[in-house]
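Asker: Questions regarding the structure given below will be posed in turn.
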Amino acid sequence: AAREAKEHMVQWLQASGWTGTLEFDYIHLVCREAVLEAEAGRPDSHQSHADNCWFDPQAPGVCKREDPFYHWRSHSSVLFLQGADSGAFEGGDFFYTTAKDSPQRTVVSPSCGRMVAFSAGAENIHGVTPVFKGRRCALGLWFTERPELAR
């Protein structure tokens, strides 16, 4: 599944004129489970973030592409392994947002086989809403154009 996801990512990038080389940095099976706090207004299951930089609290709105974050990551994708229509979970929507603390969101509901793919920087801040029931699983994939820096 990871190799096929990478192929789709490369095809998508090439369609927009990209000519680089993409290598795996990290692949992770991510399962999020409902917790009681979710029913009481729990914050997001995975709060808004970028994948290759960190938001410095001393410099609001600035995402620093340096350690301790994975600054070498160039692209990310999430392959959903199930959808809420399966009855296995409720909630757990993936979302994009315009800023780390922005309430404005573009939601992508999980569906088996659906994949979101994006550049890994501050231009694609994203997160996951709370899972209210059951267990939601997805395959997270992070890529780099600089494999010598991958850990």
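Every chain in the structure tokens takes a letter, A first, then B, and so on in the order presented; its residues are numbered from 1, and the ligands are numbered from 1 following the presented order.
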Env of A:Thr19: 12 Å cut, atoms = only C-alpha atoms, seq-sep filter 6 positions within chain, self excluded. Answer as a list in words.
Answerer: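 Neighbouring residues, sequence-local ones excluded: Val10, Gln11, Trp12, Leu13 and Glu145 of chain A.
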Asker: Give me the residues of stretch 39-114 of chain A that have any atom at most 9 Å from an atom of stretch 134-139 of chain A; for each, the nearest atom pair and the distance in Å, rounded to one decimal. Use only C-alpha atoms, sort by chain and number, and format it as a tab-separated table.
Answerer:
residue	atom	partner	partner_atom	distance
A:Ser77	CA	A:Leu139	CA	8.2
A:Val78	CA	A:Leu139	CA	5.6
A:Leu79	CA	A:Leu139	CA	5.0
A:Phe80	CA	A:Ala138	CA	4.5
A:Leu81	CA	A:Ala138	CA	5.1
A:Gln82	CA	A:Cys137	CA	6.8
A:Gly83	CA	A:Arg136	CA	7.9
A:Ala84	CA	A:Arg136	CA	8.2
A:Gly87	CA	A:Gly134	CA	8.3
A:Ala88	CA	A:Gly134	CA	5.6
A:Phe89	CA	A:Gly134	CA	4.2
A:Glu90	CA	A:Gly134	CA	6.7
A:Gly91	CA	A:Arg136	CA	8.6
A:Gly92	CA	A:Arg136	CA	6.7
A:Pro110	CA	A:Ala138	CA	8.7
Asker: Go ahead and save the picked residues with C-alpha atoms, as a CSV table (one decimal), in the first residue's frame.
Answerer:
chain,number,residue,atom,x,y,z
A,77,SER,CA,0.1,11.8,2.7
A,78,VAL,CA,-2.5,9.9,4.7
A,79,LEU,CA,-4.1,6.8,3.2
A,80,PHE,CA,-7.4,6.1,5.0
A,81,LEU,CA,-7.9,2.4,5.7
A,82,GLN,CA,-11.6,2.7,6.6
A,83,GLY,CA,-14.5,5.2,6.5
A,84,ALA,CA,-17.1,6.1,9.1
A,87,GLY,CA,-19.6,1.7,11.4
A,88,ALA,CA,-16.1,1.2,12.9
A,89,PHE,CA,-15.8,4.8,14.2
A,90,GLU,CA,-17.4,8.3,14.3
A,91,GLY,CA,-15.5,11.6,14.0
A,92,GLY,CA,-11.8,11.5,13.2
A,110,PRO,CA,-12.1,9.3,5.8
Asker: Using only C-alpha atoms, determine which residues lie at most 12 Å from A:Phe55, disregarding the query and same-chain residues fewer than 4 positions distant; provide the list as a JSON list (two decimals) with C-alpha atoms, in the first residue's frame.
Answerer:
[["chain", "number", "residue", "atom", "x", "y", "z"],
["A", 48, "SER", "CA", -3.19, 21.65, 13.86],
["A", 49, "HIS", "CA", 0.42, 21.36, 12.75],
["A", 50, "ALA", "CA", 2.78, 21.29, 9.78],
["A", 51, "ASP", "CA", 4.95, 18.24, 9.13],
["A", 59, "ALA", "CA", 7.17, 34.29, 17.16],
["A", 60, "PRO", "CA", 3.43, 33.89, 16.49],
["A", 61, "GLY", "CA", 2.63, 32.61, 13.01],
["A", 62, "VAL", "CA", 6.24, 31.64, 12.26],
["A", 63, "CYS", "CA", 6.88, 28.00, 11.46],
["A", 64, "LYS", "CA", 10.59, 27.25, 11.86],
["A", 65, "ARG", "CA", 12.01, 24.65, 9.51],
["A", 66, "GLU", "CA", 14.74, 23.35, 11.79],
["A", 67, "ASP", "CA", 15.39, 20.92, 14.61],
["A", 68, "PRO", "CA", 13.62, 19.58, 16.62],
["A", 69, "PHE", "CA", 11.19, 19.04, 13.74],
["A", 99, "ALA", "CA", -3.30, 28.96, 10.44],
["A", 100, "LYS", "CA", -2.35, 26.92, 13.51],
["A", 101, "ASP", "CA", -5.10, 28.38, 15.69],
["A", 121, "GLY", "CA", 5.28, 22.82, 5.14],
["A", 122, "ALA", "CA", 3.32, 25.61, 6.79],
["A", 125, "ILE", "CA", -1.42, 23.05, 8.24]]
Asker: Do you have the atom CA of A:His71-atom CA of A:Val128 distance handy?
Answerer: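 Atom-to-atom, atom CA of A:His71 to atom CA of A:Val128, that is 21.3 Å.
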Asker: What is the atom CA of A:Leu149 to atom CA of A:Phe118 distance in Å?
Answerer: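 Distance between the two atoms: 19.8 Å.
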Asker: Using only C-alpha atoms, can you tell me which of A:Gln14, A:Asn52, A:Thr21, A:Ser45 comes closest to A:Phe132?
Answerer: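 Comparing A:Gln14, A:Asn52, A:Thr21, A:Ser45 against A:Phe132, the winner is A:Ser45.
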Asker: What does the structure give for the distance between atom CA of A:Met9 and atom CA of A:Glu148, in Å to one decimal?
Answerer: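 Distance reported for this atom pair: 20.2 Å.
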Asker: So which bits of stretch 83-143 of chain A end up strand (DSSP E or B) when you DSSP the backbone, as a PyMOL selection string?
Answerer: chain A and resi 89-91+94-97+105-108+115-119+125-128+131-143
Asker: Could you save the residues just selected, with N, CA, C and O atoms, as a short mmCIF file (atom, residue, chain, number, x, y, z; two decimals), in the first residue's frame?
Answerer:
data_model
loop_
_atom_site.label_atom_id
_atom_site.label_comp_id
_atom_site.auth_asym_id
_atom_site.auth_seq_id
_atom_site.Cartn_x
_atom_site.Cartn_y
_atom_site.Cartn_z
N PHE A 89 -16.15 3.65 13.39
CA PHE A 89 -15.84 4.84 14.18
C PHE A 89 -16.75 5.99 13.77
O PHE A 89 -17.40 5.96 12.73
N GLU A 90 -16.74 7.03 14.62
CA GLU A 90 -17.41 8.29 14.33
C GLU A 90 -16.43 9.40 14.63
O GLU A 90 -15.67 9.32 15.60
N GLY A 91 -16.47 10.46 13.83
CA GLY A 91 -15.53 11.57 14.00
C GLY A 91 -14.24 11.25 13.26
O GLY A 91 -14.22 10.52 12.28
N PHE A 94 -10.08 14.34 8.90
CA PHE A 94 -8.84 15.05 8.59
C PHE A 94 -9.26 16.46 8.19
O PHE A 94 -10.29 16.65 7.57
N PHE A 95 -8.45 17.45 8.55
CA PHE A 95 -8.76 18.81 8.11
C PHE A 95 -7.50 19.60 7.77
O PHE A 95 -6.42 19.33 8.27
N TYR A 96 -7.67 20.55 6.86
CA TYR A 96 -6.67 21.56 6.56
C TYR A 96 -7.17 22.86 7.18
O TYR A 96 -8.39 23.08 7.29
N THR A 97 -6.25 23.72 7.58
CA THR A 97 -6.62 25.02 8.11
C THR A 97 -5.62 26.07 7.65
O THR A 97 -4.51 25.73 7.23
N ARG A 105 -11.76 25.65 8.64
CA ARG A 105 -11.24 24.33 8.27
C ARG A 105 -11.86 23.83 6.97
O ARG A 105 -13.04 24.08 6.71
N THR A 106 -11.06 23.10 6.24
CA THR A 106 -11.55 22.34 5.09
C THR A 106 -11.44 20.88 5.49
O THR A 106 -10.33 20.38 5.76
N VAL A 107 -12.57 20.20 5.56
CA VAL A 107 -12.63 18.84 6.11
C VAL A 107 -12.59 17.80 4.99
O VAL A 107 -13.23 17.97 3.96
N VAL A 108 -11.83 16.75 5.22
CA VAL A 108 -11.79 15.57 4.35
C VAL A 108 -12.21 14.39 5.22
O VAL A 108 -11.49 14.00 6.14
N MET A 115 -6.98 9.06 -0.25
CA MET A 115 -5.69 9.54 0.21
C MET A 115 -5.63 11.05 0.08
O MET A 115 -6.06 11.60 -0.92
N VAL A 116 -5.12 11.70 1.10
CA VAL A 116 -4.79 13.11 1.01
C VAL A 116 -3.28 13.20 0.83
O VAL A 116 -2.53 12.42 1.43
N ALA A 117 -2.84 14.10 -0.02
CA ALA A 117 -1.42 14.26 -0.32
C ALA A 117 -1.12 15.75 -0.38
O ALA A 117 -1.91 16.52 -0.95
N PHE A 118 0.03 16.16 0.16
CA PHE A 118 0.30 17.59 0.25
C PHE A 118 1.77 17.84 0.54
O PHE A 118 2.49 16.95 1.01
N SER A 119 2.23 19.06 0.26
CA SER A 119 3.57 19.45 0.66
C SER A 119 3.57 19.58 2.18
O SER A 119 2.55 19.89 2.80
N ILE A 125 -1.16 23.35 6.84
CA ILE A 125 -1.42 23.05 8.24
C ILE A 125 -2.65 22.14 8.28
O ILE A 125 -3.62 22.36 7.57
N HIS A 126 -2.56 21.11 9.09
CA HIS A 126 -3.62 20.10 9.11
C HIS A 126 -3.71 19.44 10.49
O HIS A 126 -2.85 19.64 11.34
N GLY A 127 -4.77 18.65 10.67
CA GLY A 127 -4.98 17.94 11.93
C GLY A 127 -6.11 16.94 11.78
O GLY A 127 -6.59 16.68 10.67
N VAL A 128 -6.54 16.38 12.91
CA VAL A 128 -7.62 15.37 12.93
C VAL A 128 -8.58 15.74 14.06
O VAL A 128 -8.15 15.99 15.19
N VAL A 131 -12.13 11.53 17.65
CA VAL A 131 -12.88 10.31 17.37
C VAL A 131 -13.84 10.15 18.54
O VAL A 131 -13.43 10.11 19.69
N PHE A 132 -15.13 10.09 18.23
CA PHE A 132 -16.15 10.02 19.28
C PHE A 132 -16.57 8.60 19.61
O PHE A 132 -17.09 8.33 20.67
N LYS A 133 -16.37 7.70 18.66
CA LYS A 133 -16.78 6.31 18.86
C LYS A 133 -15.86 5.41 18.05
O LYS A 133 -15.53 5.71 16.90
N GLY A 134 -15.43 4.31 18.63
CA GLY A 134 -14.66 3.30 17.91
C GLY A 134 -13.20 3.64 17.70
O GLY A 134 -12.60 4.38 18.47
N ARG A 135 -12.66 3.10 16.61
CA ARG A 135 -11.23 3.21 16.31
C ARG A 135 -11.06 3.50 14.82
O ARG A 135 -11.55 2.77 13.98
N ARG A 136 -10.32 4.57 14.49
CA ARG A 136 -10.08 5.00 13.12
C ARG A 136 -8.60 4.79 12.80
O ARG A 136 -7.73 5.26 13.53
N CYS A 137 -8.32 4.08 11.71
CA CYS A 137 -6.94 3.79 11.34
C CYS A 137 -6.61 4.35 9.96
O CYS A 137 -7.46 4.36 9.06
N ALA A 138 -5.37 4.79 9.80
CA ALA A 138 -4.88 5.32 8.53
C ALA A 138 -3.39 5.03 8.45
O ALA A 138 -2.73 4.77 9.46
N LEU A 139 -2.87 5.10 7.24
CA LEU A 139 -1.44 4.93 7.02
C LEU A 139 -0.85 6.30 6.74
O LEU A 139 -1.22 6.95 5.75
N GLY A 140 0.02 6.77 7.64
CA GLY A 140 0.69 8.05 7.46
C GLY A 140 2.01 7.81 6.74
O GLY A 140 2.77 6.91 7.11
N LEU A 141 2.26 8.61 5.70
CA LEU A 141 3.50 8.48 4.93
C LEU A 141 4.17 9.84 4.81
O LEU A 141 3.51 10.83 4.46
N TRP A 142 5.45 9.89 5.11
CA TRP A 142 6.21 11.13 4.98
C TRP A 142 7.34 10.86 4.01
O TRP A 142 8.00 9.82 4.05
N PHE A 143 7.57 11.84 3.14
CA PHE A 143 8.55 11.71 2.06
C PHE A 143 9.59 12.82 2.14
O PHE A 143 9.35 13.86 2.76
#
Asker: Could you pull the residues within 12 Å of A:Arg146, counting only C-alpha atoms, minus those fewer than 5 positions along the same chain, as JSON, numbers by chain?
Answerer: {"A": [20, 21, 22, 23, 24, 25, 70, 71, 72, 73, 74, 75, 151]}
Asker: If you run DSSP on the backbone here, which positions in chain A get helix (DSSP H, G or I)? Please write them as number ranges by chain.
Answerer: A: 2-15, 36-39, 84-86, 122-124, 147-149
Asker: Could you give me, as a list in words, the residues within 8 Å of A:Pro130, counting only C-alpha atoms and dropping anything in the same chain fewer than 6 positions from it?
Answerer: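 Contacts, in chain order: Ala34, Ala38, Arg42, Pro43, Asp44, Ser45, His46, Gly91, Gly92 and Asp93 of chain A.
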